[in-house]
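Q: So here's protein.cif (mmCIF, C-alpha atoms and all ligand atoms).
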data_start
loop_
_atom_site.group_PDB
_atom_site.id
_atom_site.type_symbol
_atom_site.label_atom_id
_atom_site.label_comp_id
_atom_site.auth_asym_id
_atom_site.auth_seq_id
_atom_site.Cartn_x
_atom_site.Cartn_y
_atom_site.Cartn_z
ATOM 1 C CA MET A 216 9.505 12.409 2.129
ATOM 2 C CA SER A 217 10.101 14.893 -0.630
ATOM 3 C CA GLU A 218 10.928 13.600 -4.100
ATOM 4 C CA THR A 219 12.548 16.826 -5.180
ATOM 5 C CA ASN A 220 15.178 17.132 -2.498
ATOM 6 C CA PRO A 221 16.783 13.728 -2.137
ATOM 7 C CA TYR A 222 18.625 14.784 0.987
ATOM 8 C CA MET A 223 15.842 16.152 3.101
ATOM 9 C CA MET A 224 16.985 15.813 6.703
ATOM 10 C CA VAL A 225 14.231 16.462 9.165
ATOM 11 C CA GLY A 226 14.770 13.666 11.689
ATOM 12 C CA GLU A 227 16.723 15.807 14.189
ATOM 13 C CA ARG A 228 18.903 12.805 14.994
ATOM 14 C CA LEU A 229 21.390 11.063 12.734
ATOM 15 C CA CYS A 230 19.722 7.673 13.218
ATOM 16 C CA MET A 231 16.312 9.133 12.296
ATOM 17 C CA ASP A 232 17.686 10.722 9.109
ATOM 18 C CA PHE A 233 19.312 7.428 8.211
ATOM 19 C CA ILE A 234 15.983 5.632 8.639
ATOM 20 C CA ASN A 235 14.376 8.288 6.440
ATOM 21 C CA THR A 236 16.430 7.411 3.373
ATOM 22 C CA VAL A 237 13.378 5.771 1.863
ATOM 23 C CA SER A 238 10.763 8.040 0.320
ATOM 24 C CA TRP A 239 7.152 7.082 0.876
ATOM 25 C CA ARG A 240 8.258 4.335 3.216
ATOM 26 C CA GLU A 241 4.847 2.846 3.791
ATOM 27 C CA SER A 242 3.566 2.893 0.229
ATOM 28 C CA THR A 243 3.948 -0.222 -1.880
ATOM 29 C CA GLU A 244 3.743 1.675 -5.192
ATOM 30 C CA LYS A 245 5.617 4.881 -4.400
ATOM 31 C CA ARG A 246 8.302 3.558 -2.036
ATOM 32 C CA ARG A 247 11.741 4.609 -3.232
ATOM 33 C CA ASP A 248 15.025 3.609 -1.628
ATOM 34 C CA TRP A 249 17.727 6.274 -1.903
ATOM 35 C CA PHE A 250 20.532 3.763 -1.465
ATOM 36 C CA THR A 251 20.445 2.242 -4.924
ATOM 37 C CA ASP A 252 24.188 1.637 -4.879
ATOM 38 C CA TYR A 253 27.195 1.987 -2.591
ATOM 39 C CA ALA A 254 28.109 5.411 -4.009
ATOM 40 C CA LYS A 255 24.679 6.739 -2.961
ATOM 41 C CA LEU A 256 25.259 5.541 0.590
ATOM 42 C CA VAL A 257 28.625 7.321 0.628
ATOM 43 C CA ASP A 258 27.153 10.476 -0.876
ATOM 44 C CA TRP A 259 24.392 10.601 1.736
ATOM 45 C CA SER A 260 26.996 10.030 4.457
ATOM 46 C CA ILE A 261 28.897 13.149 3.366
ATOM 47 C CA HIS A 262 25.697 15.136 3.491
ATOM 48 C CA ALA A 263 24.918 13.752 6.953
ATOM 49 C CA GLU A 264 28.472 14.659 8.015
ATOM 50 C CA VAL A 265 29.281 11.100 8.925
ATOM 51 C CA LEU A 266 32.096 11.070 6.374
ATOM 52 C CA THR A 267 34.330 13.863 5.195
ATOM 53 C CA ALA A 268 34.640 14.418 1.444
ATOM 54 C CA LYS A 269 38.209 13.128 1.642
ATOM 55 C CA GLN A 270 37.208 9.946 3.472
ATOM 56 C CA ALA A 271 34.384 9.427 1.005
ATOM 57 C CA GLN A 272 36.769 9.729 -1.921
ATOM 58 C CA ASN A 273 39.044 7.070 -0.430
ATOM 59 C CA LEU A 274 36.105 4.771 0.189
ATOM 60 C CA LEU A 275 34.916 5.094 -3.389
ATOM 61 C CA VAL A 276 38.377 4.175 -4.678
ATOM 62 C CA GLU A 277 38.421 1.203 -2.315
ATOM 63 C CA ALA A 278 34.910 0.214 -3.434
ATOM 64 C CA GLY A 279 36.020 0.372 -7.077
ATOM 65 C CA GLU A 280 38.746 -2.146 -6.281
ATOM 66 C CA ASN A 281 36.469 -4.281 -4.188
ATOM 67 C CA PRO A 282 32.968 -4.080 -5.658
ATOM 68 C CA SER A 283 31.631 -7.258 -4.060
ATOM 69 C CA LYS A 284 32.641 -6.043 -0.591
ATOM 70 C CA ALA A 285 30.990 -2.665 -1.302
ATOM 71 C CA GLU A 286 27.844 -4.472 -2.355
ATOM 72 C CA GLU A 287 27.899 -6.425 0.897
ATOM 73 C CA VAL A 288 28.263 -3.239 2.950
ATOM 74 C CA LEU A 289 25.339 -1.690 1.091
ATOM 75 C CA LYS A 290 23.200 -4.721 1.960
ATOM 76 C CA GLN A 291 24.262 -4.480 5.594
ATOM 77 C CA ALA A 292 23.478 -0.763 5.718
ATOM 78 C CA ILE A 293 20.010 -1.389 4.341
ATOM 79 C CA GLU A 294 19.383 -4.254 6.745
ATOM 80 C CA LEU A 295 20.561 -2.217 9.721
ATOM 81 C CA ARG A 296 18.375 0.675 8.575
ATOM 82 C CA GLU A 297 15.272 -1.507 8.295
ATOM 83 C CA VAL A 298 15.904 -3.057 11.713
ATOM 84 C CA MET A 299 16.287 0.435 13.202
ATOM 85 C CA TYR A 300 13.126 1.543 11.434
ATOM 86 C CA ARG A 301 11.082 -1.274 12.945
ATOM 87 C CA VAL A 302 12.545 -0.749 16.419
ATOM 88 C CA PHE A 303 11.915 3.000 16.466
ATOM 89 C CA LYS A 304 8.537 2.685 14.813
ATOM 90 C CA SER A 305 7.471 0.391 17.675
ATOM 91 C CA ILE A 306 8.787 2.936 20.139
ATOM 92 C CA SER A 307 6.842 5.717 18.418
ATOM 93 C CA LYS A 308 3.706 3.591 18.829
ATOM 94 C CA LYS A 309 4.575 2.955 22.510
ATOM 95 C CA THR A 310 4.919 -0.764 21.882
ATOM 96 C CA SER A 311 7.872 -3.068 22.456
ATOM 97 C CA PRO A 312 10.121 -3.821 19.499
ATOM 98 C CA TYR A 313 10.112 -7.378 18.193
ATOM 99 C CA GLU A 314 12.645 -9.577 19.922
ATOM 100 C CA GLU A 315 14.223 -10.630 16.629
ATOM 101 C CA ASP A 316 14.752 -7.000 15.637
ATOM 102 C CA LEU A 317 16.469 -6.209 18.921
ATOM 103 C CA ALA A 318 18.556 -9.348 18.522
ATOM 104 C CA ARG A 319 19.632 -8.255 15.035
ATOM 105 C CA PHE A 320 20.377 -4.761 16.316
ATOM 106 C CA ASN A 321 22.545 -6.336 19.009
ATOM 107 C CA ASP A 322 24.417 -8.361 16.378
ATOM 108 C CA TYR A 323 25.391 -5.098 14.721
ATOM 109 C CA LEU A 324 26.267 -3.646 18.086
ATOM 110 C CA SER A 325 28.749 -6.404 18.859
ATOM 111 C CA GLN A 326 30.130 -6.237 15.342
ATOM 112 C CA PHE A 327 30.816 -2.509 15.353
ATOM 113 C CA TYR A 328 31.462 -1.788 19.005
ATOM 114 C CA GLN A 329 34.468 -4.113 18.842
ATOM 115 C CA SER A 330 36.425 -1.182 17.516
ATOM 116 C CA LEU A 331 35.409 1.207 20.321
ATOM 117 C CA GLN A 332 38.353 2.518 22.259
ATOM 118 C CA ILE A 333 39.124 5.093 24.895
ATOM 119 C CA ILE A 334 41.482 7.624 23.378
ATOM 120 C CA GLN A 335 43.354 10.290 25.268
ATOM 121 C CA ASP A 336 42.923 13.693 23.724
ATOM 122 C CA GLU A 337 45.126 16.141 25.616
ATOM 123 C CA ASP A 338 43.676 16.248 29.124
ATOM 124 C CA GLN A 339 40.483 14.312 28.453
ATOM 125 C CA PHE A 340 39.383 10.902 27.312
ATOM 126 C CA THR A 341 36.905 10.184 24.556
ATOM 127 C CA LEU A 342 35.247 7.079 23.245
ATOM 128 C CA LYS A 343 36.010 6.595 19.559
ATOM 129 C CA PHE A 344 35.616 3.981 16.885
ATOM 130 C CA ASN A 345 39.141 3.095 16.024
ATOM 131 C CA GLN A 346 39.083 1.395 12.657
ATOM 132 C CA PRO A 347 41.138 1.558 9.468
ATOM 133 C CA GLU A 348 40.269 4.660 7.428
ATOM 134 C CA ASN A 349 39.438 2.638 4.329
ATOM 135 C CA ASN A 350 36.889 0.365 6.004
ATOM 136 C CA LEU A 351 34.021 0.361 3.541
ATOM 137 C CA ASP A 352 31.490 0.336 6.382
ATOM 138 C CA ALA A 353 33.077 3.316 8.163
ATOM 139 C CA MET A 354 29.778 5.254 8.084
ATOM 140 C CA LEU A 355 27.811 2.612 9.980
ATOM 141 C CA PRO A 356 29.285 2.740 13.527
ATOM 142 C CA PRO A 357 28.459 6.435 14.136
ATOM 143 C CA ILE A 358 24.924 5.873 12.848
ATOM 144 C CA LEU A 359 24.524 2.887 15.136
ATOM 145 C CA GLN A 360 25.910 4.932 18.014
ATOM 146 C CA SER A 361 23.300 7.614 17.377
ATOM 147 C CA ALA A 362 20.591 4.943 17.679
ATOM 148 C CA VAL A 363 22.127 3.551 20.870
ATOM 149 C CA GLU A 364 22.262 7.005 22.459
ATOM 150 C CA LEU A 365 18.652 7.645 21.569
ATOM 151 C CA LEU A 366 17.566 4.259 22.934
ATOM 152 C CA LEU A 367 19.341 5.015 26.209
ATOM 153 C CA SER A 368 17.879 8.493 26.522
ATOM 154 C CA LYS A 369 14.976 7.314 28.711
ATOM 155 C CA ASN A 370 12.599 10.261 29.122
ATOM 156 C CA GLU A 371 13.543 11.611 25.693
ATOM 157 C CA LEU A 372 12.407 8.441 23.988
ATOM 158 C CA ASP A 373 8.781 9.551 23.858
ATOM 159 C CA ARG A 374 9.909 12.289 21.483
ATOM 160 C CA VAL A 375 10.363 9.631 18.809
ATOM 161 C CA LYS A 376 7.404 9.996 16.494
ATOM 162 C CA GLN A 377 6.180 8.872 13.126
ATOM 163 C CA CYS A 378 4.896 11.408 10.622
ATOM 164 C CA GLU A 379 1.093 11.389 10.461
ATOM 165 C CA GLY A 380 1.195 11.793 6.677
ATOM 166 C CA ASP A 381 -0.078 8.654 5.048
ATOM 167 C CA PRO A 382 1.807 6.709 3.622
ATOM 168 C CA CYS A 383 4.906 8.720 4.539
ATOM 169 C CA GLY A 384 6.279 6.566 7.344
ATOM 170 C CA TRP A 385 9.163 8.872 8.225
ATOM 171 C CA LEU A 386 10.364 9.048 11.784
ATOM 172 C CA PHE A 387 11.654 12.066 13.667
ATOM 173 C CA PHE A 388 12.786 13.230 17.067
ATOM 174 C CA ASP A 389 10.358 15.901 18.218
ATOM 175 C CA THR A 390 12.388 18.803 19.611
ATOM 176 C CA SER A 391 9.408 21.141 20.001
ATOM 177 C CA ARG A 392 8.943 22.452 23.534
ATOM 178 C CA ASN A 393 5.403 21.142 23.954
ATOM 179 C CA ARG A 394 6.092 17.991 21.940
ATOM 180 C CA SER A 395 3.439 18.875 19.392
ATOM 181 C CA ARG A 396 5.195 18.096 16.125
ATOM 182 C CA ARG A 397 3.108 15.854 13.845
ATOM 183 C CA TRP A 398 4.739 15.945 10.436
ATOM 184 C CA CYS A 399 8.090 15.122 8.900
ATOM 185 C CA SER A 400 7.884 18.545 7.311
ATOM 186 C CA MET A 401 5.270 21.303 7.318
ATOM 187 C CA ALA A 402 6.043 22.017 3.657
ATOM 188 C CA ASP A 403 5.492 18.419 2.731
ATOM 189 C CA CYS A 404 3.091 16.134 4.654
ATOM 190 C CA GLY A 405 1.863 19.008 6.851
ATOM 191 C CA ASN A 406 0.783 20.949 3.813
ATOM 192 C CA ARG A 407 -0.880 17.970 2.180
ATOM 193 C CA ALA A 408 -2.926 17.398 5.342
ATOM 194 C CA LYS A 409 -3.919 21.076 5.384
ATOM 195 C CA VAL A 410 -5.083 20.917 1.766
ATOM 196 C CA ARG A 411 -7.022 17.723 2.475
ATOM 197 C CA ARG A 412 -8.747 19.330 5.471
ATOM 198 C CA PHE A 413 -9.628 22.333 3.351
ATOM 199 C CA TYR A 414 -11.298 20.212 0.648
ATOM 200 C CA GLN A 415 -13.150 18.132 3.213
ATOM 201 C CA LYS A 416 -14.576 21.351 4.700
ATOM 202 C CA GLU A 417 -15.572 22.569 1.227
ATOM 203 C CA LYS A 418 -17.525 19.346 0.608
HETATM 204 ZN ZN ZN B 501 5.715 12.871 6.300
#
Could you show the structure in this file as structure tokens?
A:
Amino acid sequence: MSETNPYMMVGERLCMDFINTVSWRESTEKRRDWFTDYAKLVDWSIHAEVLTAKQAQNLLVEAGENPSKAEEVLKQAIELREVMYRVFKSISKKTSPYEEDLARFNDYLSQFYQSLQIIQDEDQFTLKFNQPENNLDAMLPPILQSAVELLLSKNELDRVKQCEGDPCGWLFFDTSRNRSRRWCSMADCGNRAKVRRFYQKEK
């Protein structure tokens, strides 16, 4: 949950990195949302490789012409993110997500999956979101898809964990072979825990 690098991506899955766009998630005083405006959402999306720089540029022009729509998309992105956070946090705690969160997630699913189409690409078929290039919410379907894939991954789902740093709150997909990862980042929360242990021993 580093303050210095606003684009720290340690979630190992697109949906996890999207959830982690709030620093110090579980602190009331220090909590900081990275998506302070629509341009920030677009900028993060380039970094996450959800949008190309060219797409992003078009979206920003579109947003300039349609600021109220851009504002609405920003609100939606934040709502979707918070719903995903609560769902995956429950999963990390081995509890069932709240029904209303799943219901809200499903609302987004039916909204965005409307544009899913089978497209023939030479000799194979792929599933793609087929929507106008200048859709201001173009970054949201792939993020949602990443969450859907993770939810459907069955025996991989117990790799979803929450950083043990308090009050970090970040989520990640543990790719370590023995599933032993505990921190969002060793340099960040991992190090703080090490320092704390050291001082406790000294006392
Ligand atoms: Zn952490």
Q: Please identify every residue of chain A that has at least one atom no farther than 9 Å from an atom of ligand ZN 501 (chain B), counting all atoms listed in the file, and for each give the shortest atom pair and the distance in Å to one decimal, arranged by chain then increasing number, as JSON lines.
A:
{"residue": "A:Met216", "atom": "CA", "partner": "B:ZN501", "partner_atom": "ZN", "distance": 5.7}
{"residue": "A:Ser217", "atom": "CA", "partner": "B:ZN501", "partner_atom": "ZN", "distance": 8.4}
{"residue": "A:Trp239", "atom": "CA", "partner": "B:ZN501", "partner_atom": "ZN", "distance": 8.1}
{"residue": "A:Gln377", "atom": "CA", "partner": "B:ZN501", "partner_atom": "ZN", "distance": 7.9}
{"residue": "A:Cys378", "atom": "CA", "partner": "B:ZN501", "partner_atom": "ZN", "distance": 4.6}
{"residue": "A:Glu379", "atom": "CA", "partner": "B:ZN501", "partner_atom": "ZN", "distance": 6.4}
{"residue": "A:Gly380", "atom": "CA", "partner": "B:ZN501", "partner_atom": "ZN", "distance": 4.7}
{"residue": "A:Asp381", "atom": "CA", "partner": "B:ZN501", "partner_atom": "ZN", "distance": 7.3}
{"residue": "A:Pro382", "atom": "CA", "partner": "B:ZN501", "partner_atom": "ZN", "distance": 7.8}
{"residue": "A:Cys383", "atom": "CA", "partner": "B:ZN501", "partner_atom": "ZN", "distance": 4.6}
{"residue": "A:Gly384", "atom": "CA", "partner": "B:ZN501", "partner_atom": "ZN", "distance": 6.4}
{"residue": "A:Trp385", "atom": "CA", "partner": "B:ZN501", "partner_atom": "ZN", "distance": 5.6}
{"residue": "A:Leu386", "atom": "CA", "partner": "B:ZN501", "partner_atom": "ZN", "distance": 8.1}
{"residue": "A:Arg397", "atom": "CA", "partner": "B:ZN501", "partner_atom": "ZN", "distance": 8.5}
{"residue": "A:Trp398", "atom": "CA", "partner": "B:ZN501", "partner_atom": "ZN", "distance": 5.2}
{"residue": "A:Cys399", "atom": "CA", "partner": "B:ZN501", "partner_atom": "ZN", "distance": 4.2}
{"residue": "A:Ser400", "atom": "CA", "partner": "B:ZN501", "partner_atom": "ZN", "distance": 6.2}
{"residue": "A:Met401", "atom": "CA", "partner": "B:ZN501", "partner_atom": "ZN", "distance": 8.5}
{"residue": "A:Asp403", "atom": "CA", "partner": "B:ZN501", "partner_atom": "ZN", "distance": 6.6}
{"residue": "A:Cys404", "atom": "CA", "partner": "B:ZN501", "partner_atom": "ZN", "distance": 4.5}
{"residue": "A:Gly405", "atom": "CA", "partner": "B:ZN501", "partner_atom": "ZN", "distance": 7.3}
Q: Write to file, as a short mmCIF file (atom, residue, chain, number, x, y, z; two decimals), in the coordinates of the input, the residues of the selection just made, with C-alpha atoms.
A:
data_model
loop_
_atom_site.label_atom_id
_atom_site.label_comp_id
_atom_site.auth_asym_id
_atom_site.auth_seq_id
_atom_site.Cartn_x
_atom_site.Cartn_y
_atom_site.Cartn_z
CA MET A 216 9.51 12.41 2.13
CA SER A 217 10.10 14.89 -0.63
CA TRP A 239 7.15 7.08 0.88
CA GLN A 377 6.18 8.87 13.13
CA CYS A 378 4.90 11.41 10.62
CA GLU A 379 1.09 11.39 10.46
CA GLY A 380 1.20 11.79 6.68
CA ASP A 381 -0.08 8.65 5.05
CA PRO A 382 1.81 6.71 3.62
CA CYS A 383 4.91 8.72 4.54
CA GLY A 384 6.28 6.57 7.34
CA TRP A 385 9.16 8.87 8.22
CA LEU A 386 10.36 9.05 11.78
CA ARG A 397 3.11 15.85 13.84
CA TRP A 398 4.74 15.94 10.44
CA CYS A 399 8.09 15.12 8.90
CA SER A 400 7.88 18.55 7.31
CA MET A 401 5.27 21.30 7.32
CA ASP A 403 5.49 18.42 2.73
CA CYS A 404 3.09 16.13 4.65
CA GLY A 405 1.86 19.01 6.85
#
Q: Have a look at A:Lys304, A:Lys255, A:His262, A:Arg412 and name the one nearest to Met223 in chain A; count only C-alpha atoms.
A: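 The shortest atom-to-atom distance to Met223 in chain A comes from A:His262.
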Q: Report, in Å to a single decimal, how far apart CA of Gly279 in chain A and CA of Phe320 in chain A are.
A: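 So the answer is 28.6 Å.
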Q: Rank nothing, just name the residue among A:Asp352, A:Asp316, A:Asp389, A:Asp258 nearest to Glu287 in chain A, using only C-alpha atoms.
A: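 So, comparing all the options, the nearest one is A:Asp352.
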Q: Could you tell me, as an MDAnalysis selection string, exactly which residues end up selected when the PyMOL selection byres (((chain A and resi 229) around 10) and not hetatm) is applied to this structure?
A: chainID A and resid 224:228 230:235 263:265 357:362 365 387:388
Q: How many Å lie between CA of Val237 in chain A and CA of Leu366 in chain A, rounded to one decimal?
A: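 Distance between the two atoms: 21.5 Å.
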Q: Restricting the calculation to all atoms listed in the file, which member of A:Asn321, A:Thr243, A:Thr236, A:Ser305 is positioned closest to Trp259 in chain A?
A: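 Answer, going by the shortest atom-to-atom distance: A:Thr236.
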Q: For the PyMOL selection byres (((chain A and resi 278) around 12) and not hetatm), applied here, can you spell out every residue it catches as an MDAnalysis selection string?
A: chainID A and resid 252:254 256:257 271:277 279:289 349:352
Q: For a test of reading the model, state the distance in Å between CA of Arg319 in chain A and CA of Arg301 in chain A, rounded to one decimal.
A: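 Between CA of Arg319 in chain A and CA of Arg301 in chain A the gap works out to 11.2 Å.
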Q: Using the chain letters and residue numbers of this document, give as number ranges by chain the residues selected by the PyMOL selection byres (((chain A and resi 247) around 6) and not hetatm).
A: A: 237-238, 246, 248
Q: When distances are computed from only C-alpha atoms, which of A:Ala292, A:Leu266, A:Leu324, A:Leu317 shows the smallest separation from Leu355 in chain A?
A: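 Of all the options, A:Ala292 lies closest to Leu355 in chain A.
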Q: What residues have an atom no more than 8 Å from (6.7, 6.5, 23.8) in the file's own frame, counting all atoms listed in the file, and can you write them as a ChimeraX atom specification?
A: /A:306-310,372-375
Q: Which residue, A:Thr267, A:Thr390, A:Ser330, A:Ser395, has the smallest gap to Pro347 in chain A when you use only C-alpha atoms?
A: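 Looking only at the distances to Pro347 in chain A, the closest residue turns out to be A:Ser330.
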Q: Can you sort out the box for range 385-402 of chain A, edges along x, y and z, all listed atoms in, 6 Å on every side, with centre and edge lengths in Å to one decimal, as JSON?
A:
{"center_x": 7.9, "center_y": 15.7, "center_z": 13.8, "size_x": 21.7, "size_y": 25.6, "size_z": 32.3}
Q: From the list A:Gln346, A:Phe327, A:Gln339, A:Tyr300, which residue is nearest Glu241 in chain A when using all atoms listed in the file?
A: A:Tyr300
Q: Please extract range 373-405 of chain A and write it out with N, CA and C atoms, as an mmCIF file, in the first residue's frame.
A:
data_model
loop_
_atom_site.group_PDB
_atom_site.id
_atom_site.type_symbol
_atom_site.label_atom_id
_atom_site.label_comp_id
_atom_site.auth_asym_id
_atom_site.auth_seq_id
_atom_site.Cartn_x
_atom_site.Cartn_y
_atom_site.Cartn_z
ATOM 1 N N ASP A 373 -8.443 -20.549 -3.038
ATOM 2 C CA ASP A 373 -7.856 -20.401 -1.699
ATOM 3 C C ASP A 373 -6.482 -19.721 -1.749
ATOM 4 N N ARG A 374 -6.080 -19.307 -2.941
ATOM 5 C CA ARG A 374 -4.867 -18.488 -3.044
ATOM 6 C C ARG A 374 -5.175 -16.999 -2.870
ATOM 7 N N VAL A 375 -6.460 -16.677 -2.779
ATOM 8 C CA VAL A 375 -6.836 -15.278 -2.548
ATOM 9 C C VAL A 375 -6.602 -14.972 -1.079
ATOM 10 N N LYS A 376 -5.751 -13.988 -0.833
ATOM 11 C CA LYS A 376 -5.409 -13.675 0.558
ATOM 12 C C LYS A 376 -5.437 -12.176 0.797
ATOM 13 N N GLN A 377 -5.537 -11.839 2.078
ATOM 14 C CA GLN A 377 -5.452 -10.429 2.446
ATOM 15 C C GLN A 377 -4.136 -10.216 3.186
ATOM 16 N N CYS A 378 -3.477 -9.117 2.849
ATOM 17 C CA CYS A 378 -2.201 -8.793 3.495
ATOM 18 C C CYS A 378 -2.381 -8.745 5.015
ATOM 19 N N GLU A 379 -1.418 -9.306 5.733
ATOM 20 C CA GLU A 379 -1.513 -9.332 7.200
ATOM 21 C C GLU A 379 -1.109 -8.007 7.832
ATOM 22 N N GLY A 380 -0.586 -7.093 7.032
ATOM 23 C CA GLY A 380 -0.230 -5.764 7.539
ATOM 24 C C GLY A 380 -1.488 -5.033 7.983
ATOM 25 N N ASP A 381 -1.440 -4.463 9.138
ATOM 26 C CA ASP A 381 -2.608 -3.775 9.664
ATOM 27 C C ASP A 381 -2.319 -2.283 9.646
ATOM 28 N N PRO A 382 -3.135 -1.432 9.064
ATOM 29 C CA PRO A 382 -4.450 -1.652 8.452
ATOM 30 C C PRO A 382 -4.393 -1.634 6.925
ATOM 31 N N CYS A 383 -3.521 -2.430 6.350
ATOM 32 C CA CYS A 383 -3.297 -2.384 4.899
ATOM 33 C C CYS A 383 -4.546 -2.746 4.114
ATOM 34 N N GLY A 384 -5.023 -3.968 4.299
ATOM 35 C CA GLY A 384 -6.271 -4.375 3.642
ATOM 36 C C GLY A 384 -6.141 -4.839 2.206
ATOM 37 N N TRP A 385 -4.936 -4.771 1.639
ATOM 38 C CA TRP A 385 -4.790 -5.175 0.240
ATOM 39 C C TRP A 385 -4.997 -6.675 0.066
ATOM 40 N N LEU A 386 -5.471 -7.009 -1.121
ATOM 41 C CA LEU A 386 -5.694 -8.409 -1.451
ATOM 42 C C LEU A 386 -4.688 -8.844 -2.514
ATOM 43 N N PHE A 387 -4.381 -10.113 -2.542
ATOM 44 C CA PHE A 387 -3.495 -10.614 -3.603
ATOM 45 C C PHE A 387 -3.782 -12.077 -3.878
ATOM 46 N N PHE A 388 -3.297 -12.515 -5.025
ATOM 47 C CA PHE A 388 -3.406 -13.915 -5.416
ATOM 48 C C PHE A 388 -2.030 -14.524 -5.159
ATOM 49 N N ASP A 389 -1.986 -15.453 -4.230
ATOM 50 C CA ASP A 389 -0.709 -16.027 -3.795
ATOM 51 C C ASP A 389 -0.208 -17.057 -4.820
ATOM 52 N N THR A 390 0.842 -16.692 -5.539
ATOM 53 C CA THR A 390 1.367 -17.600 -6.569
ATOM 54 C C THR A 390 2.529 -18.437 -6.040
ATOM 55 N N SER A 391 2.875 -18.267 -4.753
ATOM 56 C CA SER A 391 4.026 -19.012 -4.239
ATOM 57 C C SER A 391 3.690 -20.503 -4.200
ATOM 58 N N ARG A 392 4.724 -21.332 -4.387
ATOM 59 C CA ARG A 392 4.505 -22.765 -4.558
ATOM 60 C C ARG A 392 3.868 -23.384 -3.313
ATOM 61 N N ASN A 393 4.344 -22.974 -2.145
ATOM 62 C CA ASN A 393 3.774 -23.544 -0.913
ATOM 63 C C ASN A 393 2.710 -22.647 -0.278
ATOM 64 N N ARG A 394 2.230 -21.706 -1.062
ATOM 65 C CA ARG A 394 1.133 -20.822 -0.629
ATOM 66 C C ARG A 394 1.435 -20.149 0.715
ATOM 67 N N SER A 395 2.627 -19.580 0.807
ATOM 68 C CA SER A 395 3.059 -19.048 2.102
ATOM 69 C C SER A 395 3.126 -17.526 2.136
ATOM 70 N N ARG A 396 2.681 -16.890 1.054
ATOM 71 C CA ARG A 396 2.797 -15.425 1.020
ATOM 72 C C ARG A 396 1.861 -14.786 2.042
ATOM 73 N N ARG A 397 2.375 -13.787 2.783
ATOM 74 C CA ARG A 397 1.576 -13.148 3.832
ATOM 75 C C ARG A 397 1.372 -11.651 3.621
ATOM 76 N N TRP A 398 2.225 -11.062 2.795
ATOM 77 C CA TRP A 398 2.201 -9.594 2.707
ATOM 78 C C TRP A 398 1.927 -9.139 1.282
ATOM 79 N N CYS A 399 1.370 -7.915 1.186
ATOM 80 C CA CYS A 399 1.200 -7.331 -0.147
ATOM 81 C C CYS A 399 2.575 -7.168 -0.769
ATOM 82 N N SER A 400 3.533 -6.737 0.038
ATOM 83 C CA SER A 400 4.887 -6.560 -0.456
ATOM 84 C C SER A 400 5.860 -6.721 0.709
ATOM 85 N N MET A 401 6.950 -7.431 0.446
ATOM 86 C CA MET A 401 7.976 -7.626 1.483
ATOM 87 C C MET A 401 8.592 -6.289 1.860
ATOM 88 N N ALA A 402 8.741 -5.404 0.861
ATOM 89 C CA ALA A 402 9.407 -4.118 1.091
ATOM 90 C C ALA A 402 8.505 -3.173 1.887
ATOM 91 N N ASP A 403 7.250 -3.483 1.912
ATOM 92 C CA ASP A 403 6.294 -2.575 2.519
ATOM 93 C C ASP A 403 5.798 -3.167 3.847
ATOM 94 N N CYS A 404 4.645 -3.826 3.825
ATOM 95 C CA CYS A 404 4.070 -4.383 5.060
ATOM 96 C C CYS A 404 4.965 -5.464 5.661
ATOM 97 N N GLY A 405 5.622 -6.258 4.830
ATOM 98 C CA GLY A 405 6.497 -7.321 5.333
ATOM 99 C C GLY A 405 7.612 -6.744 6.176
#
